[in-house]
Amino acid sequence: MRVTRLVLLARHGHHAEVGHILSGRSAISLDAQGRDEAAALARRLSAQPPTRIWSSPRPRTRETAAVVAAAHGLAVETSAALDEVDFGGFTGRSFAALEEDADWRHWNAARGEARCPGGETMAEAVARAVGIVAALPAGVTLCVSHCDVIRGVVAHYLGLPLDRIFSLGCDPASVTTLALEGDGARLVTLNERVAIAR
């Protein structure tokens with residue numbers, strides 16, 4: 001009987017810069033909405049509790065992971081492999097300003113080959129994240145990471161070119177589930193959003 005390896009790829013919860021600023025590897029934390037989303041994520045995972053939790057080293061991912069970990073009596077391990085894309089010179093700029101930047105437009109049109117100025121390529125970011133995902137043992141592992149990293153991992157396993165990652169949704173505190181099978185994976189859910197308790 002084949003041992004099941006499930007990976008739950010969760011994006012961190014909301015923060016004040018979502019949709020406005022390219023936060024990148026900044027130290028921004030969750031806002032009140034993000035903390036509520038993390039709590040909702042913990043409740044959602046009660047139906048499929050993780051056996052281990054990994055997180056990117058960014059505060060917003062560690063805070064999200066910590067809420068889930070506390071609800072399930074688990075510790076959080078951090079890994080640089082799950083870190084945000086190193087956006088280099090793009091980091092900290094508003095999306096409105098970036099839209100006027102030819103390098104930014106090229107990066108988004110050619111994610112399969114372009115490099116962020118002073119940063120990394122999408123392929124480099126995906127390779128490090130896939131490395132940790134592919135090595136996960138049996139059980140249910142929650143990996144709390146970032147939008148582009150999660151979309152890149154999914155694209156890798158679906159055989160999609162990185163230029164197509166924008167066709168994959170990844171909202172704050174959403175969960176995308178992969179069933180790892182040998183060297184490949186089957187997509188179980190994509191961008192499953194959690195409802196915040198009112």
# chains A, B, ... in the order shown; residues from 1 in each chain; ligands from 1
call {"tool": "select_by_dssp", "arguments": {"residues": "chain A", "states": "helix (DSSP H, G or I)", "output": "count of residues only"}}
result
79
call {"tool": "residues_around", "arguments": {"residues": "Leu190 (chain A)", "least_positions_apart": "4", "cutoff": "9 Å", "atoms": "only C-alpha atoms", "output": "PyMOL selection string"}}
result
chain A and resi 154+168-170+174-178
call {"tool": "closest_atom_pairs", "arguments": {"of": "region 66-137 of chain A", "to": "region 12-34 of chain A", "cutoff": "7 Å", "atoms": "only C-alpha atoms", "output": "CSV"}}
result
residue,atom,partner,partner_atom,distance
A:Glu84,CA,A:Arg25,CA,6.0
A:Val85,CA,A:Gly24,CA,6.7
A:Asp86,CA,A:Gly24,CA,6.6
A:Phe87,CA,A:Gly24,CA,6.1
A:Thr91,CA,A:Gly24,CA,5.3
A:Gly92,CA,A:Ser23,CA,5.3
A:Arg93,CA,A:Ile21,CA,5.7
A:Ser94,CA,A:Ile21,CA,4.2
A:Phe95,CA,A:Ile21,CA,5.7
call {"tool": "write_last_selection", "arguments": {"atoms": "C-alpha atoms", "output": "PDB file, in the first residue's frame"}}
result
ATOM      1  CA  GLU A  84       9.556  34.818  -0.517  1.00  0.00           C
ATOM      2  CA  VAL A  85      11.085  35.407  -3.931  1.00  0.00           C
ATOM      3  CA  ASP A  86      14.097  37.701  -3.601  1.00  0.00           C
ATOM      4  CA  PHE A  87      12.636  40.594  -5.569  1.00  0.00           C
ATOM      5  CA  THR A  91      11.133  45.234  -3.021  1.00  0.00           C
ATOM      6  CA  GLY A  92       9.217  47.893  -1.113  1.00  0.00           C
ATOM      7  CA  ARG A  93       7.871  49.679  -4.181  1.00  0.00           C
ATOM      8  CA  SER A  94       4.189  50.247  -4.839  1.00  0.00           C
ATOM      9  CA  PHE A  95       2.555  48.191  -7.554  1.00  0.00           C
TER      10      PHE A  95
END
call {"tool": "closest_residue", "arguments": {"among": "A:Ala134, A:Ala38, A:Cys143, A:Ala173", "to": "Ala185 (chain A)", "atoms": "only C-alpha atoms"}}
result
A:Ala134
call {"tool": "residues_around", "arguments": {"residues": "region 109-121 of chain A", "least_positions_apart": "6", "cutoff": "8 Å", "atoms": "only C-alpha atoms", "output": "PyMOL selection string"}}
result
chain A and resi 85-90+103+161-163
call {"tool": "write_last_selection", "arguments": {"atoms": "all heavy atoms", "output": "short mmCIF file (atom, residue, chain, number, x, y, z; two decimals), in the first residue's frame"}}
result
data_model
loop_
_atom_site.label_atom_id
_atom_site.label_comp_id
_atom_site.auth_asym_id
_atom_site.auth_seq_id
_atom_site.Cartn_x
_atom_site.Cartn_y
_atom_site.Cartn_z
N VAL A 85 10.16 35.13 -2.83
CA VAL A 85 11.08 35.41 -3.93
C VAL A 85 11.94 36.61 -3.53
O VAL A 85 11.45 37.57 -2.94
CB VAL A 85 10.31 35.74 -5.23
CG1 VAL A 85 11.26 36.13 -6.35
CG2 VAL A 85 9.43 34.57 -5.64
N ASP A 86 13.23 36.54 -3.82
CA ASP A 86 14.10 37.70 -3.60
C ASP A 86 13.86 38.66 -4.76
O ASP A 86 14.40 38.49 -5.85
CB ASP A 86 15.56 37.28 -3.53
CG ASP A 86 16.50 38.45 -3.25
OD1 ASP A 86 16.03 39.60 -3.24
OD2 ASP A 86 17.70 38.20 -3.05
N PHE A 87 13.00 39.65 -4.52
CA PHE A 87 12.64 40.59 -5.57
C PHE A 87 13.67 41.70 -5.79
O PHE A 87 13.47 42.57 -6.64
CB PHE A 87 11.28 41.23 -5.25
CG PHE A 87 10.11 40.30 -5.43
CD1 PHE A 87 9.42 39.82 -4.34
CD2 PHE A 87 9.71 39.92 -6.70
CE1 PHE A 87 8.33 38.97 -4.50
CE2 PHE A 87 8.62 39.06 -6.87
CZ PHE A 87 7.94 38.58 -5.77
N GLY A 88 14.75 41.67 -5.03
CA GLY A 88 15.83 42.64 -5.25
C GLY A 88 15.33 44.08 -5.24
O GLY A 88 14.64 44.51 -4.32
N GLY A 89 15.66 44.82 -6.29
CA GLY A 89 15.31 46.23 -6.39
C GLY A 89 13.84 46.53 -6.50
O GLY A 89 13.43 47.69 -6.37
N PHE A 90 13.02 45.52 -6.74
CA PHE A 90 11.57 45.74 -6.78
C PHE A 90 10.97 45.86 -5.38
O PHE A 90 9.87 46.40 -5.20
CB PHE A 90 10.86 44.59 -7.50
CG PHE A 90 11.20 44.42 -8.95
CD1 PHE A 90 11.30 43.16 -9.52
CD2 PHE A 90 11.40 45.52 -9.77
CE1 PHE A 90 11.59 42.99 -10.86
CE2 PHE A 90 11.70 45.37 -11.12
CZ PHE A 90 11.79 44.10 -11.66
N ASP A 103 11.54 47.03 -16.44
CA ASP A 103 12.10 45.79 -15.90
C ASP A 103 11.02 44.96 -15.22
O ASP A 103 11.01 43.73 -15.31
CB ASP A 103 13.22 46.10 -14.90
CG ASP A 103 14.48 46.63 -15.57
OD1 ASP A 103 14.68 46.35 -16.77
OD2 ASP A 103 15.26 47.31 -14.88
N PRO A 161 4.55 26.12 -17.68
CA PRO A 161 5.67 27.06 -17.72
C PRO A 161 5.47 28.16 -16.69
O PRO A 161 4.33 28.53 -16.38
CB PRO A 161 5.63 27.61 -19.16
CG PRO A 161 4.24 27.38 -19.63
CD PRO A 161 3.75 26.14 -18.93
N LEU A 162 6.56 28.68 -16.16
CA LEU A 162 6.46 29.69 -15.11
C LEU A 162 5.80 30.97 -15.60
O LEU A 162 5.28 31.74 -14.80
CB LEU A 162 7.84 29.99 -14.52
CG LEU A 162 8.44 28.82 -13.72
CD1 LEU A 162 9.84 29.17 -13.25
CD2 LEU A 162 7.55 28.46 -12.54
N ASP A 163 5.81 31.19 -16.90
CA ASP A 163 5.11 32.35 -17.46
C ASP A 163 3.60 32.27 -17.23
O ASP A 163 2.89 33.26 -17.40
CB ASP A 163 5.39 32.49 -18.96
CG ASP A 163 6.86 32.70 -19.28
OD1 ASP A 163 7.62 33.04 -18.34
OD2 ASP A 163 7.24 32.55 -20.44
#
call {"tool": "residues_around", "arguments": {"residues": "region 62-75 of chain A", "least_positions_apart": "4", "cutoff": "8 Å", "atoms": "only C-alpha atoms", "output": "list in words"}}
result
His12, Gly13, Ser29, Leu30, Gly34, Arg35, Ala38, Ala39, Leu41, Ala42, Arg43, Ser46, Pro49, Pro50, Thr51, Arg52, Ile53, Trp54, Ser55, Ser56, Pro57, Arg58 and Val144 of chain A
call {"tool": "write_last_selection", "arguments": {"atoms": "C-alpha atoms", "output": "short mmCIF file (atom, residue, chain, number, x, y, z; two decimals), in the first residue's frame"}}
result
data_model
loop_
_atom_site.label_atom_id
_atom_site.label_comp_id
_atom_site.auth_asym_id
_atom_site.auth_seq_id
_atom_site.Cartn_x
_atom_site.Cartn_y
_atom_site.Cartn_z
CA HIS A 12 0.23 33.85 4.99
CA GLY A 13 -2.68 35.96 6.18
CA SER A 29 3.51 41.48 10.24
CA LEU A 30 -0.09 40.37 9.95
CA GLY A 34 -4.63 38.49 8.84
CA ARG A 35 -4.76 37.26 12.43
CA ALA A 38 -4.88 32.60 10.55
CA ALA A 39 -7.40 31.56 13.21
CA LEU A 41 -7.12 28.54 8.80
CA ALA A 42 -6.43 26.72 12.07
CA ARG A 43 -10.13 25.85 12.37
CA SER A 46 -9.14 20.62 12.20
CA PRO A 49 -4.85 18.25 10.93
CA PRO A 50 -1.20 18.61 9.96
CA THR A 51 1.40 16.30 11.47
CA ARG A 52 4.15 18.90 11.00
CA ILE A 53 4.40 22.58 10.13
CA TRP A 54 7.06 24.40 8.14
CA SER A 55 7.21 28.14 7.56
CA SER A 56 9.11 30.71 5.57
CA PRO A 57 11.27 32.86 7.88
CA ARG A 58 9.23 36.05 7.22
CA VAL A 144 3.24 28.39 5.10
#
call {"tool": "select_by_dssp", "arguments": {"residues": "chain A", "states": "strand (DSSP E)", "output": "PyMOL selection string"}}
result
chain A and resi 5-11+52-55+76-78+139-145+175-181+184-192
call {"tool": "closest_residue", "arguments": {"among": "A:Val188, A:Val126, A:Leu98, A:Ala195", "to": "Val153 (chain A)", "atoms": "only C-alpha atoms"}}
result
A:Val126
call {"tool": "atom_distance", "arguments": {"atom1": "CA of Leu6 (chain A)", "atom2": "CA of Val140 (chain A)"}}
result
4.7 Å
call {"tool": "decode", "arguments": {"residues": "region 98-146 of chain A", "atoms": "N, CA and C atoms", "output": "PDB file, in the first residue's frame"}}
result
ATOM      1  N   LEU A  98       5.551  50.313  -9.900  1.00  0.00           N
ATOM      2  CA  LEU A  98       6.182  49.221 -10.652  1.00  0.00           C
ATOM      3  C   LEU A  98       5.593  49.086 -12.053  1.00  0.00           C
ATOM      4  N   GLU A  99       4.329  49.378 -12.206  1.00  0.00           N
ATOM      5  CA  GLU A  99       3.699  49.265 -13.522  1.00  0.00           C
ATOM      6  C   GLU A  99       4.356  50.171 -14.556  1.00  0.00           C
ATOM      7  N   GLU A 100       5.043  51.212 -14.095  1.00  0.00           N
ATOM      8  CA  GLU A 100       5.744  52.127 -15.001  1.00  0.00           C
ATOM      9  C   GLU A 100       7.174  51.678 -15.276  1.00  0.00           C
ATOM     10  N   ASP A 101       7.603  50.606 -14.648  1.00  0.00           N
ATOM     11  CA  ASP A 101       8.982  50.126 -14.738  1.00  0.00           C
ATOM     12  C   ASP A 101       9.092  49.038 -15.808  1.00  0.00           C
ATOM     13  N   ALA A 102       9.918  49.274 -16.825  1.00  0.00           N
ATOM     14  CA  ALA A 102      10.071  48.319 -17.923  1.00  0.00           C
ATOM     15  C   ALA A 102      10.634  46.989 -17.433  1.00  0.00           C
ATOM     16  N   ASP A 103      11.535  47.033 -16.441  1.00  0.00           N
ATOM     17  CA  ASP A 103      12.099  45.794 -15.901  1.00  0.00           C
ATOM     18  C   ASP A 103      11.021  44.964 -15.217  1.00  0.00           C
ATOM     19  N   TRP A 104      10.107  45.601 -14.510  1.00  0.00           N
ATOM     20  CA  TRP A 104       9.006  44.902 -13.855  1.00  0.00           C
ATOM     21  C   TRP A 104       8.079  44.260 -14.896  1.00  0.00           C
ATOM     22  N   ARG A 105       7.774  44.996 -15.930  1.00  0.00           N
ATOM     23  CA  ARG A 105       6.900  44.452 -16.976  1.00  0.00           C
ATOM     24  C   ARG A 105       7.566  43.251 -17.652  1.00  0.00           C
ATOM     25  N   HIS A 106       8.879  43.339 -17.865  1.00  0.00           N
ATOM     26  CA  HIS A 106       9.600  42.211 -18.470  1.00  0.00           C
ATOM     27  C   HIS A 106       9.593  41.007 -17.532  1.00  0.00           C
ATOM     28  N   TRP A 107       9.811  41.254 -16.241  1.00  0.00           N
ATOM     29  CA  TRP A 107       9.800  40.172 -15.251  1.00  0.00           C
ATOM     30  C   TRP A 107       8.475  39.432 -15.269  1.00  0.00           C
ATOM     31  N   ASN A 108       7.377  40.156 -15.336  1.00  0.00           N
ATOM     32  CA  ASN A 108       6.065  39.518 -15.324  1.00  0.00           C
ATOM     33  C   ASN A 108       5.713  38.856 -16.646  1.00  0.00           C
ATOM     34  N   ALA A 109       6.266  39.351 -17.743  1.00  0.00           N
ATOM     35  CA  ALA A 109       5.982  38.744 -19.044  1.00  0.00           C
ATOM     36  C   ALA A 109       6.852  37.526 -19.310  1.00  0.00           C
ATOM     37  N   ALA A 110       7.982  37.429 -18.607  1.00  0.00           N
ATOM     38  CA  ALA A 110       8.938  36.347 -18.882  1.00  0.00           C
ATOM     39  C   ALA A 110       9.412  35.727 -17.576  1.00  0.00           C
ATOM     40  N   ARG A 111       8.469  35.297 -16.745  1.00  0.00           N
ATOM     41  CA  ARG A 111       8.826  34.723 -15.453  1.00  0.00           C
ATOM     42  C   ARG A 111       9.742  33.493 -15.595  1.00  0.00           C
ATOM     43  N   GLY A 112       9.693  32.845 -16.731  1.00  0.00           N
ATOM     44  CA  GLY A 112      10.516  31.662 -16.914  1.00  0.00           C
ATOM     45  C   GLY A 112      11.989  31.959 -17.090  1.00  0.00           C
ATOM     46  N   GLU A 113      12.341  33.210 -17.385  1.00  0.00           N
ATOM     47  CA  GLU A 113      13.751  33.505 -17.673  1.00  0.00           C
ATOM     48  C   GLU A 113      14.273  34.784 -17.031  1.00  0.00           C
ATOM     49  N   ALA A 114      13.399  35.731 -16.713  1.00  0.00           N
ATOM     50  CA  ALA A 114      13.856  37.034 -16.222  1.00  0.00           C
ATOM     51  C   ALA A 114      14.362  36.941 -14.782  1.00  0.00           C
ATOM     52  N   ARG A 115      15.268  37.844 -14.436  1.00  0.00           N
ATOM     53  CA  ARG A 115      15.800  37.940 -13.075  1.00  0.00           C
ATOM     54  C   ARG A 115      15.415  39.282 -12.481  1.00  0.00           C
ATOM     55  N   CYS A 116      15.002  39.265 -11.211  1.00  0.00           N
ATOM     56  CA  CYS A 116      14.751  40.524 -10.529  1.00  0.00           C
ATOM     57  C   CYS A 116      16.072  41.277 -10.399  1.00  0.00           C
ATOM     58  N   PRO A 117      16.087  42.598 -10.549  1.00  0.00           N
ATOM     59  CA  PRO A 117      17.343  43.347 -10.436  1.00  0.00           C
ATOM     60  C   PRO A 117      17.953  43.197  -9.046  1.00  0.00           C
ATOM     61  N   GLY A 118      19.107  42.554  -8.979  1.00  0.00           N
ATOM     62  CA  GLY A 118      19.740  42.309  -7.688  1.00  0.00           C
ATOM     63  C   GLY A 118      19.107  41.173  -6.909  1.00  0.00           C
ATOM     64  N   GLY A 119      18.196  40.441  -7.518  1.00  0.00           N
ATOM     65  CA  GLY A 119      17.495  39.354  -6.840  1.00  0.00           C
ATOM     66  C   GLY A 119      17.653  38.032  -7.556  1.00  0.00           C
ATOM     67  N   GLU A 120      16.610  37.201  -7.510  1.00  0.00           N
ATOM     68  CA  GLU A 120      16.694  35.870  -8.093  1.00  0.00           C
ATOM     69  C   GLU A 120      15.699  35.681  -9.220  1.00  0.00           C
ATOM     70  N   THR A 121      15.841  34.579  -9.926  1.00  0.00           N
ATOM     71  CA  THR A 121      14.880  34.221 -10.970  1.00  0.00           C
ATOM     72  C   THR A 121      13.756  33.425 -10.324  1.00  0.00           C
ATOM     73  N   MET A 122      12.639  33.359 -11.016  1.00  0.00           N
ATOM     74  CA  MET A 122      11.512  32.562 -10.539  1.00  0.00           C
ATOM     75  C   MET A 122      11.919  31.085 -10.469  1.00  0.00           C
ATOM     76  N   ALA A 123      12.700  30.643 -11.431  1.00  0.00           N
ATOM     77  CA  ALA A 123      13.136  29.246 -11.451  1.00  0.00           C
ATOM     78  C   ALA A 123      13.968  28.911 -10.217  1.00  0.00           C
ATOM     79  N   GLU A 124      14.809  29.836  -9.784  1.00  0.00           N
ATOM     80  CA  GLU A 124      15.616  29.601  -8.580  1.00  0.00           C
ATOM     81  C   GLU A 124      14.722  29.502  -7.344  1.00  0.00           C
ATOM     82  N   ALA A 125      13.750  30.379  -7.261  1.00  0.00           N
ATOM     83  CA  ALA A 125      12.831  30.355  -6.123  1.00  0.00           C
ATOM     84  C   ALA A 125      12.036  29.051  -6.085  1.00  0.00           C
ATOM     85  N   VAL A 126      11.550  28.634  -7.244  1.00  0.00           N
ATOM     86  CA  VAL A 126      10.749  27.406  -7.321  1.00  0.00           C
ATOM     87  C   VAL A 126      11.605  26.190  -7.002  1.00  0.00           C
ATOM     88  N   ALA A 127      12.832  26.166  -7.495  1.00  0.00           N
ATOM     89  CA  ALA A 127      13.709  25.008  -7.267  1.00  0.00           C
ATOM     90  C   ALA A 127      13.950  24.779  -5.780  1.00  0.00           C
ATOM     91  N   ARG A 128      14.192  25.849  -5.031  1.00  0.00           N
ATOM     92  CA  ARG A 128      14.451  25.660  -3.596  1.00  0.00           C
ATOM     93  C   ARG A 128      13.192  25.197  -2.869  1.00  0.00           C
ATOM     94  N   ALA A 129      12.019  25.741  -3.256  1.00  0.00           N
ATOM     95  CA  ALA A 129      10.776  25.344  -2.601  1.00  0.00           C
ATOM     96  C   ALA A 129      10.402  23.904  -2.949  1.00  0.00           C
ATOM     97  N   VAL A 130      10.551  23.529  -4.212  1.00  0.00           N
ATOM     98  CA  VAL A 130      10.261  22.152  -4.620  1.00  0.00           C
ATOM     99  C   VAL A 130      11.198  21.185  -3.899  1.00  0.00           C
ATOM    100  N   GLY A 131      12.421  21.622  -3.637  1.00  0.00           N
ATOM    101  CA  GLY A 131      13.371  20.759  -2.939  1.00  0.00           C
ATOM    102  C   GLY A 131      12.869  20.308  -1.585  1.00  0.00           C
ATOM    103  N   ILE A 132      12.296  21.221  -0.808  1.00  0.00           N
ATOM    104  CA  ILE A 132      11.786  20.831   0.511  1.00  0.00           C
ATOM    105  C   ILE A 132      10.484  20.052   0.381  1.00  0.00           C
ATOM    106  N   VAL A 133       9.620  20.457  -0.552  1.00  0.00           N
ATOM    107  CA  VAL A 133       8.345  19.758  -0.732  1.00  0.00           C
ATOM    108  C   VAL A 133       8.576  18.310  -1.161  1.00  0.00           C
ATOM    109  N   ALA A 134       9.470  18.100  -2.107  1.00  0.00           N
ATOM    110  CA  ALA A 134       9.722  16.749  -2.633  1.00  0.00           C
ATOM    111  C   ALA A 134      10.291  15.819  -1.572  1.00  0.00           C
ATOM    112  N   ALA A 135      10.952  16.364  -0.567  1.00  0.00           N
ATOM    113  CA  ALA A 135      11.593  15.540   0.459  1.00  0.00           C
ATOM    114  C   ALA A 135      10.708  15.284   1.678  1.00  0.00           C
ATOM    115  N   LEU A 136       9.469  15.765   1.647  1.00  0.00           N
ATOM    116  CA  LEU A 136       8.599  15.598   2.815  1.00  0.00           C
ATOM    117  C   LEU A 136       8.274  14.128   3.063  1.00  0.00           C
ATOM    118  N   PRO A 137       8.227  13.734   4.318  1.00  0.00           N
ATOM    119  CA  PRO A 137       7.899  12.341   4.648  1.00  0.00           C
ATOM    120  C   PRO A 137       6.388  12.106   4.611  1.00  0.00           C
ATOM    121  N   ALA A 138       5.990  10.884   4.940  1.00  0.00           N
ATOM    122  CA  ALA A 138       4.566  10.545   4.985  1.00  0.00           C
ATOM    123  C   ALA A 138       3.861  11.389   6.032  1.00  0.00           C
ATOM    124  N   GLY A 139       2.590  11.646   5.788  1.00  0.00           N
ATOM    125  CA  GLY A 139       1.786  12.430   6.698  1.00  0.00           C
ATOM    126  C   GLY A 139       1.252  13.672   6.028  1.00  0.00           C
ATOM    127  N   VAL A 140       0.757  14.592   6.818  1.00  0.00           N
ATOM    128  CA  VAL A 140       0.182  15.842   6.315  1.00  0.00           C
ATOM    129  C   VAL A 140       1.061  16.988   6.782  1.00  0.00           C
ATOM    130  N   THR A 141       1.723  17.643   5.863  1.00  0.00           N
ATOM    131  CA  THR A 141       2.626  18.740   6.204  1.00  0.00           C
ATOM    132  C   THR A 141       2.054  20.063   5.730  1.00  0.00           C
ATOM    133  N   LEU A 142       1.968  21.012   6.649  1.00  0.00           N
ATOM    134  CA  LEU A 142       1.569  22.372   6.304  1.00  0.00           C
ATOM    135  C   LEU A 142       2.829  23.184   6.048  1.00  0.00           C
ATOM    136  N   CYS A 143       2.900  23.800   4.858  1.00  0.00           N
ATOM    137  CA  CYS A 143       3.995  24.698   4.514  1.00  0.00           C
ATOM    138  C   CYS A 143       3.411  26.086   4.311  1.00  0.00           C
ATOM    139  N   VAL A 144       3.754  27.026   5.196  1.00  0.00           N
ATOM    140  CA  VAL A 144       3.241  28.386   5.097  1.00  0.00           C
ATOM    141  C   VAL A 144       4.271  29.222   4.346  1.00  0.00           C
ATOM    142  N   SER A 145       3.860  29.740   3.191  1.00  0.00           N
ATOM    143  CA  SER A 145       4.803  30.430   2.325  1.00  0.00           C
ATOM    144  C   SER A 145       4.148  31.656   1.689  1.00  0.00           C
ATOM    145  N   HIS A 146       4.522  31.952   0.463  1.00  0.00           N
ATOM    146  CA  HIS A 146       4.142  33.187  -0.205  1.00  0.00           C
ATOM    147  C   HIS A 146       3.508  32.888  -1.566  1.00  0.00           C
TER     148      HIS A 146
END
